[in-house]
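Q: Following this line is data_21.txt, made up of compact mmCIF, C-alpha atoms and all ligand atoms:
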```txt
# COMPACT_ATOMS: atom_id res chain seq x y z
CA MET A 1 10.23 11.91 7.41
CA LEU A 2 8.26 9.72 9.73
CA ILE A 3 6.81 6.55 8.31
CA LYS A 4 4.25 4.41 10.09
CA ILE A 5 3.17 1.04 8.83
CA LEU A 6 -0.36 0.78 10.15
CA GLY A 7 -1.26 -2.34 8.19
CA SER A 8 1.05 -4.88 6.57
CA ALA A 9 -1.28 -7.59 5.20
CA ALA A 10 -2.65 -7.90 1.69
CA GLY A 11 -6.37 -7.82 0.96
CA GLY A 12 -8.33 -9.90 3.47
CA GLY A 13 -5.92 -9.22 6.34
CA PHE A 14 -4.38 -11.85 8.58
CA PRO A 15 -6.17 -13.97 9.64
CA GLN A 16 -8.73 -13.64 6.86
CA TRP A 17 -12.35 -14.10 7.96
CA ASN A 18 -13.13 -17.10 5.77
CA CYS A 19 -9.72 -18.76 5.66
CA GLY A 20 -8.62 -21.89 7.48
CA CYS A 21 -5.19 -22.18 5.85
CA ASN A 22 -2.22 -23.24 7.96
CA ASN A 23 -1.37 -19.61 8.74
CA CYS A 24 -4.89 -18.34 9.50
CA GLU A 25 -5.91 -21.33 11.60
CA GLY A 26 -2.48 -21.32 13.21
CA VAL A 27 -2.55 -17.68 14.28
CA ARG A 28 -6.17 -17.93 15.50
CA SER A 29 -5.35 -20.89 17.73
CA SER A 30 -1.85 -19.64 18.65
CA ARG A 31 -0.50 -22.91 17.25
CA ILE A 32 2.10 -21.03 15.18
CA LEU A 33 4.30 -18.07 16.03
CA ALA A 34 2.80 -15.28 13.91
CA ARG A 35 1.38 -11.80 14.35
CA PRO A 36 -2.10 -10.81 13.14
CA ARG A 37 -2.00 -7.97 10.62
CA THR A 38 -4.51 -5.49 9.26
CA GLN A 39 -4.80 -4.64 5.58
CA SER A 40 -1.98 -2.66 3.99
CA GLN A 41 -1.73 0.96 5.11
CA VAL A 42 1.16 3.40 5.44
CA THR A 43 1.15 6.99 6.63
CA VAL A 44 3.95 9.55 6.34
CA SER A 45 4.70 12.96 7.80
CA SER A 46 7.54 15.45 7.62
CA ASP A 47 6.50 17.45 10.70
CA ASN A 48 4.98 14.81 12.98
CA ILE A 49 1.71 16.81 12.93
CA ASN A 50 0.21 16.58 9.45
CA TRP A 51 -0.14 13.12 7.93
CA HIS A 52 -0.46 11.78 4.41
CA LEU A 53 -1.86 8.33 3.72
CA LEU A 54 -0.39 5.96 1.16
CA ASN A 55 -3.53 4.14 -0.02
CA ALA A 56 -6.70 3.85 2.04
CA SER A 57 -7.22 0.51 3.77
CA PRO A 58 -10.58 -1.10 4.58
CA ASP A 59 -9.15 -1.26 8.14
CA LEU A 60 -8.43 2.46 8.28
CA ARG A 61 -10.92 3.23 11.04
CA GLN A 62 -9.29 0.69 13.34
CA GLN A 63 -5.82 1.85 12.31
CA ILE A 64 -6.63 5.51 13.12
CA GLN A 65 -8.11 4.35 16.41
CA SER A 66 -4.83 2.64 17.26
CA ASP A 67 -2.72 5.78 16.76
CA PRO A 68 -3.43 8.99 18.72
CA GLN A 69 -1.36 11.05 16.26
CA LEU A 70 -3.95 10.39 13.56
CA GLN A 71 -6.89 11.44 15.73
CA PRO A 72 -8.53 14.89 16.13
CA GLY A 73 -6.89 17.28 18.60
CA ASN A 74 -8.44 17.77 22.00
CA HIS A 75 -11.89 19.37 21.98
CA GLU A 76 -11.70 20.02 18.27
CA LEU A 77 -14.94 19.26 16.54
CA ARG A 78 -14.68 17.64 13.12
CA ASN A 79 -10.95 17.78 12.58
CA SER A 80 -8.26 15.44 11.44
CA PRO A 81 -4.49 15.65 10.98
CA ILE A 82 -4.91 13.47 7.85
CA ARG A 83 -4.39 15.85 4.93
CA SER A 84 -4.16 13.69 1.84
CA VAL A 85 -4.33 10.20 0.39
CA LEU A 86 -2.11 8.96 -2.42
CA LEU A 87 -3.50 5.95 -4.31
CA THR A 88 -1.20 3.47 -6.04
CA ASN A 89 -4.04 1.67 -7.82
CA ALA A 90 -7.81 1.07 -7.62
CA ASP A 91 -7.74 -2.24 -5.74
CA ILE A 92 -10.47 -2.53 -3.11
CA ASP A 93 -7.95 -3.05 -0.31
CA HIS A 94 -6.21 0.21 -1.33
CA THR A 95 -9.27 2.41 -1.84
CA LEU A 96 -12.17 1.24 0.32
CA GLY A 97 -10.83 3.34 3.19
CA LEU A 98 -11.71 6.48 1.23
CA LEU A 99 -15.34 5.74 2.03
CA LEU A 100 -14.42 5.68 5.72
CA LEU A 101 -13.19 9.27 5.31
CA ARG A 102 -16.48 10.52 3.89
CA GLU A 103 -17.70 12.53 6.89
CA SER A 104 -17.31 15.98 5.33
CA GLN A 105 -13.56 16.13 5.89
CA PRO A 106 -11.75 18.26 3.29
CA LEU A 107 -9.27 15.96 1.64
CA ARG A 108 -6.82 15.91 -1.22
CA VAL A 109 -6.53 12.65 -3.15
CA TYR A 110 -3.60 11.95 -5.46
CA ALA A 111 -4.25 9.37 -8.19
CA THR A 112 -3.70 8.79 -11.87
CA ASP A 113 -6.61 9.73 -14.13
CA PHE A 114 -7.01 6.04 -14.86
CA VAL A 115 -7.51 5.17 -11.18
CA ARG A 116 -9.71 8.19 -10.47
CA GLY A 117 -11.91 7.32 -13.46
CA LEU A 118 -12.39 3.75 -12.30
CA ILE A 119 -13.27 4.76 -8.76
CA LYS A 120 -15.51 7.73 -9.38
CA GLU A 121 -17.31 6.75 -12.54
CA ARG A 122 -18.11 3.17 -11.66
CA ASN A 123 -19.06 3.41 -8.01
CA ALA A 124 -21.98 5.57 -6.95
CA TYR A 125 -20.94 5.19 -3.30
CA PHE A 126 -17.97 7.43 -3.93
CA ARG A 127 -20.32 10.38 -4.44
CA MET A 128 -20.17 10.59 -0.66
CA LEU A 129 -16.76 12.17 -1.18
CA GLU A 130 -18.40 14.91 -3.27
CA GLN A 131 -21.22 15.98 -0.95
CA PHE A 132 -20.20 19.62 -1.30
CA SER A 133 -18.00 21.44 -3.73
CA GLY A 134 -14.36 20.83 -2.99
CA GLN A 135 -14.84 18.19 -0.28
CA THR A 136 -12.39 16.02 -2.14
CA GLU A 137 -9.79 17.63 -4.34
CA TRP A 138 -8.38 15.14 -6.83
CA GLN A 139 -4.85 15.74 -8.04
CA THR A 140 -3.65 13.95 -11.13
CA LEU A 141 -0.48 11.90 -10.99
CA THR A 142 1.34 11.30 -14.26
CA SER A 143 4.22 9.04 -15.07
CA HIS A 144 7.64 10.13 -13.86
CA SER A 145 6.19 13.31 -12.41
CA PHE A 146 7.11 14.84 -9.07
CA VAL A 147 4.43 16.16 -6.75
CA ASP A 148 4.75 17.88 -3.39
CA LEU A 149 2.39 16.41 -0.81
CA SER A 150 0.04 18.85 0.86
CA GLY A 151 -3.56 19.15 1.96
CA ARG A 152 -6.52 20.55 0.08
CA ASP A 153 -5.96 23.99 -1.53
CA ASP A 154 -2.21 23.52 -0.98
CA LYS A 155 -2.67 24.00 2.76
CA PHE A 156 -0.52 22.07 5.23
CA SER A 157 2.32 21.69 2.77
CA SER A 158 4.94 19.14 3.70
CA ASP A 159 8.61 18.65 2.91
CA LEU A 160 7.72 15.48 1.05
CA THR A 161 7.95 15.10 -2.71
CA ALA A 162 6.49 12.03 -4.38
CA GLN A 163 8.18 10.75 -7.51
CA ILE A 164 5.74 8.67 -9.54
CA HIS A 165 6.82 5.44 -11.22
CA SER A 166 4.32 3.69 -13.51
CA LEU A 167 4.21 -0.07 -13.10
CA GLY A 168 1.54 -0.89 -15.67
CA GLY A 169 -0.85 -3.78 -15.34
CA LYS A 170 -4.55 -4.43 -15.64
CA PRO A 171 -7.49 -2.81 -13.89
CA PRO A 172 -8.48 -4.52 -10.63
CA PHE A 173 -10.73 -7.59 -10.77
CA TRP A 174 -13.86 -5.62 -9.92
CA ALA A 175 -13.34 -3.41 -12.97
CA GLN A 176 -12.24 -6.21 -15.25
CA ASN A 177 -14.88 -5.56 -17.86
CA ALA A 178 -14.03 -1.86 -17.97
CA ARG A 179 -10.90 -2.19 -20.03
CA GLN A 180 -9.17 -5.41 -20.79
CA GLU A 181 -6.00 -3.88 -22.06
CA GLU A 182 -3.03 -3.09 -19.93
CA ASP A 183 -2.50 0.50 -18.97
CA ILE A 184 0.70 2.05 -17.75
CA PHE A 185 -1.29 3.99 -15.16
CA ALA A 186 -3.19 1.05 -13.66
CA THR A 187 -0.63 0.72 -10.87
CA ILE A 188 2.10 3.08 -9.75
CA GLY A 189 4.81 3.05 -7.13
CA VAL A 190 6.22 6.14 -5.45
CA VAL A 191 9.49 7.31 -4.04
CA LEU A 192 8.96 9.86 -1.30
CA ALA A 193 11.84 12.23 -0.70
CA ASP A 194 12.15 14.50 2.30
CA LYS A 195 13.54 17.86 1.13
CA LYS A 196 14.99 18.65 4.56
CA THR A 197 16.55 15.36 5.60
CA GLY A 198 17.19 13.89 2.14
CA GLY A 199 15.63 10.59 3.26
CA ARG A 200 14.04 8.52 0.50
CA LEU A 201 11.32 5.89 0.91
CA GLY A 202 10.25 3.59 -1.94
CA PHE A 203 6.65 2.43 -1.65
CA PHE A 204 5.87 -0.43 -4.04
CA PRO A 205 3.12 -2.65 -2.57
CA GLY A 206 1.94 -4.04 -5.91
CA VAL A 207 4.54 -4.99 -8.52
CA LYS A 208 3.96 -7.42 -11.37
CA GLU A 209 7.49 -7.43 -12.74
CA ILE A 210 10.89 -5.96 -11.98
CA ASP A 211 12.61 -4.30 -14.90
CA GLU A 212 15.69 -2.11 -15.22
CA PRO A 213 13.88 1.25 -14.78
CA LEU A 214 12.35 -0.06 -11.54
CA LEU A 215 15.71 -1.34 -10.31
CA ASP A 216 17.23 2.06 -11.12
CA ILE A 217 14.68 3.92 -9.02
CA LEU A 218 14.87 1.42 -6.13
CA LYS A 219 18.63 1.96 -6.02
CA THR A 220 18.03 5.60 -5.09
CA CYS A 221 16.08 4.68 -1.91
CA ASP A 222 17.19 4.38 1.70
CA VAL A 223 14.25 2.14 2.59
CA ILE A 224 11.95 0.17 0.33
CA LEU A 225 8.55 -1.20 1.24
CA PHE A 226 8.05 -3.86 -1.41
CA ASP A 227 5.36 -6.25 -2.63
CA GLY A 228 5.59 -9.38 -0.46
CA THR A 229 2.11 -10.67 -1.27
CA PHE A 230 2.95 -14.22 -2.31
CA TRP A 231 5.80 -16.60 -1.65
CA ASP A 232 5.37 -18.46 -4.94
CA ASP A 233 3.30 -18.25 -8.10
CA GLU A 234 1.13 -21.30 -7.34
CA GLU A 235 0.27 -20.33 -3.75
CA MET A 236 -3.43 -19.67 -4.36
CA PRO A 237 -4.17 -22.44 -6.93
CA ARG A 238 -2.54 -24.94 -4.54
CA LEU A 239 -4.92 -23.89 -1.77
CA GLN A 240 -7.97 -23.48 -3.96
CA PRO A 241 -7.79 -25.14 -7.38
CA GLY A 242 -8.85 -22.75 -10.14
CA SER A 243 -7.62 -19.64 -8.31
CA ARG A 244 -5.49 -17.17 -10.18
CA THR A 245 -1.72 -17.40 -9.82
CA ALA A 246 0.32 -14.66 -8.16
CA ARG A 247 1.45 -13.30 -11.52
CA GLN A 248 -2.11 -13.39 -12.88
CA MET A 249 -3.03 -11.24 -9.87
CA GLN A 250 -0.28 -8.78 -10.86
CA HIS A 251 2.06 -9.73 -8.02
CA ILE A 252 5.60 -10.96 -8.58
CA PRO A 253 6.24 -13.84 -6.15
CA ILE A 254 9.08 -13.60 -3.63
CA SER A 255 10.76 -16.94 -4.36
CA GLY A 256 12.01 -18.76 -7.42
CA PRO A 257 13.93 -17.64 -10.48
CA GLY A 258 12.67 -14.22 -11.52
CA GLY A 259 11.12 -13.69 -8.09
CA SER A 260 11.71 -10.50 -6.13
CA LEU A 261 14.25 -12.08 -3.77
CA ASP A 262 16.34 -13.09 -6.76
CA LEU A 263 16.02 -9.89 -8.80
CA LEU A 264 16.39 -7.45 -5.90
CA SER A 265 19.55 -9.16 -4.69
CA LYS A 266 21.21 -6.82 -7.23
CA LEU A 267 20.37 -3.81 -5.06
CA PRO A 268 23.31 -2.23 -3.25
CA VAL A 269 23.83 -3.28 0.34
CA GLY A 270 22.79 -0.58 2.76
CA ILE A 271 19.27 -0.21 1.42
CA ARG A 272 16.79 -1.33 4.08
CA LYS A 273 14.45 -3.80 2.37
CA ILE A 274 11.08 -4.60 3.89
CA TYR A 275 8.40 -6.89 2.48
CA THR A 276 4.87 -5.65 3.09
CA HIS A 277 1.34 -6.28 1.72
CA ILE A 278 1.72 -9.92 2.75
CA ASN A 279 -1.06 -12.36 1.92
CA ASN A 280 -2.36 -14.55 4.74
CA THR A 281 -1.25 -17.67 2.84
CA ASN A 282 2.40 -16.57 2.65
CA PRO A 283 4.64 -18.88 4.74
CA ILE A 284 6.92 -15.96 5.75
CA LEU A 285 4.20 -14.93 8.23
CA ASN A 286 5.08 -17.98 10.31
CA GLU A 287 8.12 -16.83 12.27
CA ASP A 288 9.27 -20.42 12.78
CA SER A 289 9.17 -21.24 9.07
CA ALA A 290 12.19 -21.92 6.88
CA GLU A 291 10.90 -19.26 4.47
CA HIS A 292 10.83 -16.62 7.23
CA ARG A 293 14.40 -17.42 8.23
CA TRP A 294 15.51 -17.60 4.62
CA ILE A 295 14.46 -14.10 3.64
CA GLN A 296 15.87 -12.70 6.88
CA GLY A 297 19.15 -14.38 5.97
CA GLU A 298 18.96 -12.58 2.63
CA GLY A 299 18.78 -9.23 4.43
CA TRP A 300 15.05 -8.64 4.22
CA GLU A 301 12.68 -7.58 6.98
CA ILE A 302 8.99 -8.43 7.13
CA ALA A 303 6.69 -5.52 7.95
CA THR A 304 4.50 -5.70 11.02
CA ASP A 305 1.64 -3.41 12.01
CA GLY A 306 3.00 -0.60 14.17
CA LEU A 307 6.48 -0.54 12.62
CA GLU A 308 7.81 3.05 12.54
CA ILE A 309 10.76 4.37 10.56
CA THR A 310 12.46 7.77 10.61
CA LEU A 311 14.33 8.92 7.55
ZN ZN A 401 -3.59 -4.88 -2.23
ZN ZN A 402 -5.37 -17.98 5.30
```
Transcribe the structure of this file into structure tokens.
Ligand SMILES: [Zn+2]
Ligand SMILES: [Zn+2]
A:
Amino acid sequence: MLIKILGSAAGGGFPQWNCGCNNCEGVRSSRILARPRTQSQVTVSSDNINWHLLNASPDLRQQIQSDPQLQPGNHELRNSPIRSVLLTNADIDHTLGLLLLRESQPLRVYATDFVRGLIKERNAYFRMLEQFSGQTEWQTLTSHSFVDLSGRDDKFSSDLTAQIHSLGGKPPFWAQNARQEEDIFATIGVVLADKKTGGRLGFFPGVKEIDEPLLDILKTCDVILFDGTFWDDEEMPRLQPGSRTARQMQHIPISGPGGSLDLLSKLPVGIRKIYTHINNTNPILNEDSAEHRWIQGEGWEIATDGLEITL
């Protein structure tokens, strides 16, 4: 399995257009040692030819433009090696890219019914993905199910099987008034297994809490891409009083008791652990920071755009 991290920032990217925080101002002016990042996007392939997207970033056009393998073949009109998109939730930074794929390209989209309902029924724009019958073929993901990744009509089948793990949570902020209650299908994580190589990737960019079932599934992975959105719970309110905390935004912070660094220290050594989906306010983006050095010392990596992994 080939894994490409095309974007490693949380919603807003890094730097974020309207942000003058220490990180954003610092990276714009080169005052700090940090790398700009586009909004979270991963793509996987088992044959190096056909690609499957994990979520669909608002920066997808730029990300495709930066990688020839994701572009149409020579002299081929209206073609793409992108065969499917798997959605982990309905957040704007994970789904807006679908609209960038609206130009009559046959596509398979994997999502829970909950996520599909939010996207399709509440956003007229998404009718652009249904311009003709079968343009977009939605495939339902259910809890603890296994699904083989392929393109529309089961074409371009891969060696990759996605194991679905429900993480629960609330609908995204834009759909807040849709349903207030928590739903086990609001956010999922996936473990992708390559049937040929046996390699296993855990993709968990949005996690609100770490419980035993999650730890059990993470233990089965060779590499995990994990929610590194916020360093601490008060990161946003500190910057902008009145903002929601990390946990209120359904993201477990990295640091502190009950943070991901603490709880995932129980994972066996040998699992490659990579924080991704990093918010522009997170001090780990500054490569000279104590926080950056600290998590490296704990055996974690920090995803950067362009990082490639073979499993
Ligand atoms: Zn996000
Ligand atoms: Zn910022």
Q: Smallest atom-to-atom distance to ligand ZN 401 (chain A): which of A:Val207, A:Leu149, A:Ala303, A:Ala175, using all atoms listed in the file?
A: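 Of all the options, A:Val207 lies closest to ligand ZN 401 (chain A).
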Q: Within 10 Å of ligand ZN 401 (chain A) (counting only C-alpha atoms and all ligand atoms), which residues show up? I'd like them as a count of residues only.
A: 29
Q: Can you pull out every residue with an atom within 7 Å of ligand ZN 402 (chain A)? Use all atoms listed in the file and format it as JSON, numbers by chain.
A: {"A": [15, 16, 19, 20, 21, 22, 23, 24, 280, 281]}
Q: How about saving the chosen residues, C-alpha atoms kept, as a PDB file, in the coordinates of the input?
A:
```
ATOM      1  CA  PRO A  15      -6.170 -13.970   9.640  1.00  0.00           C
ATOM      2  CA  GLN A  16      -8.730 -13.640   6.860  1.00  0.00           C
ATOM      3  CA  CYS A  19      -9.720 -18.760   5.660  1.00  0.00           C
ATOM      4  CA  GLY A  20      -8.620 -21.890   7.480  1.00  0.00           C
ATOM      5  CA  CYS A  21      -5.190 -22.180   5.850  1.00  0.00           C
ATOM      6  CA  ASN A  22      -2.220 -23.240   7.960  1.00  0.00           C
ATOM      7  CA  ASN A  23      -1.370 -19.610   8.740  1.00  0.00           C
ATOM      8  CA  CYS A  24      -4.890 -18.340   9.500  1.00  0.00           C
ATOM      9  CA  ASN A 280      -2.360 -14.550   4.740  1.00  0.00           C
ATOM     10  CA  THR A 281      -1.250 -17.670   2.840  1.00  0.00           C
TER      11      THR A 281
END
```
Q: Find the spatial neighbours of stretch 209-226 of chain A, counting only C-alpha atoms, within a cut-off of 7 Å - ignore same-chain residues fewer than 3 positions away - and output them as a PDB file with C-alpha atoms, keeping the file's coordinate frame.
A:
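As a result, around.pdb now contains:
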```
ATOM      1  CA  GLY A 199      15.630  10.590   3.260  1.00  0.00           C
ATOM      2  CA  ARG A 200      14.040   8.520   0.500  1.00  0.00           C
ATOM      3  CA  LEU A 201      11.320   5.890   0.910  1.00  0.00           C
ATOM      4  CA  GLY A 202      10.250   3.590  -1.940  1.00  0.00           C
ATOM      5  CA  PHE A 203       6.650   2.430  -1.650  1.00  0.00           C
ATOM      6  CA  PHE A 204       5.870  -0.430  -4.040  1.00  0.00           C
ATOM      7  CA  PRO A 205       3.120  -2.650  -2.570  1.00  0.00           C
ATOM      8  CA  ILE A 252       5.600 -10.960  -8.580  1.00  0.00           C
ATOM      9  CA  LEU A 267      20.370  -3.810  -5.060  1.00  0.00           C
ATOM     10  CA  PRO A 268      23.310  -2.230  -3.250  1.00  0.00           C
ATOM     11  CA  ILE A 271      19.270  -0.210   1.420  1.00  0.00           C
ATOM     12  CA  ARG A 272      16.790  -1.330   4.080  1.00  0.00           C
ATOM     13  CA  LYS A 273      14.450  -3.800   2.370  1.00  0.00           C
ATOM     14  CA  ILE A 274      11.080  -4.600   3.890  1.00  0.00           C
ATOM     15  CA  TYR A 275       8.400  -6.890   2.480  1.00  0.00           C
ATOM     16  CA  THR A 276       4.870  -5.650   3.090  1.00  0.00           C
TER      17      THR A 276
END
```
Q: Counting only C-alpha atoms, which residue out of A:Ser46, A:Gln135, A:Thr38, A:Ser143 sits closest to A:Leu6?
A: A:Thr38
Q: Find the spatial neighbours of A:Ala246, counting only C-alpha atoms, within a cut-off of 8 Å - ignore same-chain residues fewer than 3 positions away - and output them as number ranges by chain.
A: A: 230, 232-236, 249-253
Q: Near stretch 185-189 of chain A, counting only C-alpha atoms, which residues have an atom at most 7 Å away, once you skip same-chain residues fewer than 2 positions from it, shown as a ChimeraX atom specification?
A: /A:88-89,112,114-115,164-171,183,203-204
Q: Can those selected residues be exported to a file as a compact mmCIF listing (two decimals), in the coordinates of the input so that it contains C-alpha atoms?
A:
```
# COMPACT_ATOMS: atom_id res chain seq x y z
CA THR A 88 -1.20 3.47 -6.04
CA ASN A 89 -4.04 1.67 -7.82
CA THR A 112 -3.70 8.79 -11.87
CA PHE A 114 -7.01 6.04 -14.86
CA VAL A 115 -7.51 5.17 -11.18
CA ILE A 164 5.74 8.67 -9.54
CA HIS A 165 6.82 5.44 -11.22
CA SER A 166 4.32 3.69 -13.51
CA LEU A 167 4.21 -0.07 -13.10
CA GLY A 168 1.54 -0.89 -15.67
CA GLY A 169 -0.85 -3.78 -15.34
CA LYS A 170 -4.55 -4.43 -15.64
CA PRO A 171 -7.49 -2.81 -13.89
CA ASP A 183 -2.50 0.50 -18.97
CA PHE A 203 6.65 2.43 -1.65
CA PHE A 204 5.87 -0.43 -4.04
```
Q: List every residue of stretch 139-249 of chain A that has an atom at most 12 Å from any atom of stretch 68-82 of chain A, and for each one report the closest atom pair and its distance in Å to one decimal, counting all atoms listed in the file, with rows sorted by chain and then by increasing residue number, as CSV.
A:
```
residue,atom,partner,partner_atom,distance
A:Leu149,CA,A:Ile82,CA,11.7
A:Ser150,CA,A:Ile82,CA,10.1
A:Gly151,CA,A:Ile82,CA,8.3
A:Arg152,CA,A:Ile82,CA,10.6
A:Lys155,CA,A:Pro81,CA,11.9
A:Phe156,CA,A:Pro81,CA,9.5
```
Q: What separation in Å, quoted to one decimal, exists between atom CA of A:Leu86 and atom CA of A:Ser265?
A: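 Spanning atom CA of A:Leu86 to atom CA of A:Ser265 is a straight-line distance of 28.3 Å.
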Q: Give me, please, the distance in Å between atom CA of A:Leu99 and atom CA of A:Leu141, quoted to one decimal.
A: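 Straight-line distance from atom CA of A:Leu99 to atom CA of A:Leu141 works out to 20.7 Å.
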Q: Rounded to one decimal, what separation in Å do you get between atom CA of A:Ile302 and atom CA of A:Thr161?
A: 25.5 Å
Q: Counting all atoms listed in the file, which residue out of A:Ser30, A:Thr310, A:Ser66, A:Asn123 sits closest to A:Thr197?
A: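 When distances to A:Thr197 are compared using all atoms listed in the file, the smallest one comes from A:Thr310.
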Q: Set the distance at 10 Å and use all atoms listed in the file: which residues neighbour A:Asp159 once local chain neighbours fewer than 6 positions away are removed? I'd like the list as an NGL selection string.
A: :A and (1 or 45-47 or 148-150 or 192-198)
Q: When distances are computed from all atoms listed in the file, which of A:Asp59, A:Met128, A:Val269, A:Leu160 shows the smallest separation from A:Leu311?
A: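 Answer, going by the shortest atom-to-atom distance: A:Leu160.
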Q: Env of A:Ile284: 9 Å cut, atoms = only C-alpha atoms, seq-sep filter 3 positions within chain, self excluded. Answer as a list in words.
A: Trp231, Ile278, Thr281, Glu287, Asp288, Ser289, Ala290, Glu291, His292, Arg293, Trp294, Ile295 and Ile302 of chain A
Q: Of the candidates A:Phe173, A:Phe14, A:Ser84, A:Ile64, which one gets nearest to A:Thr304 if we count only C-alpha atoms?
A: A:Phe14
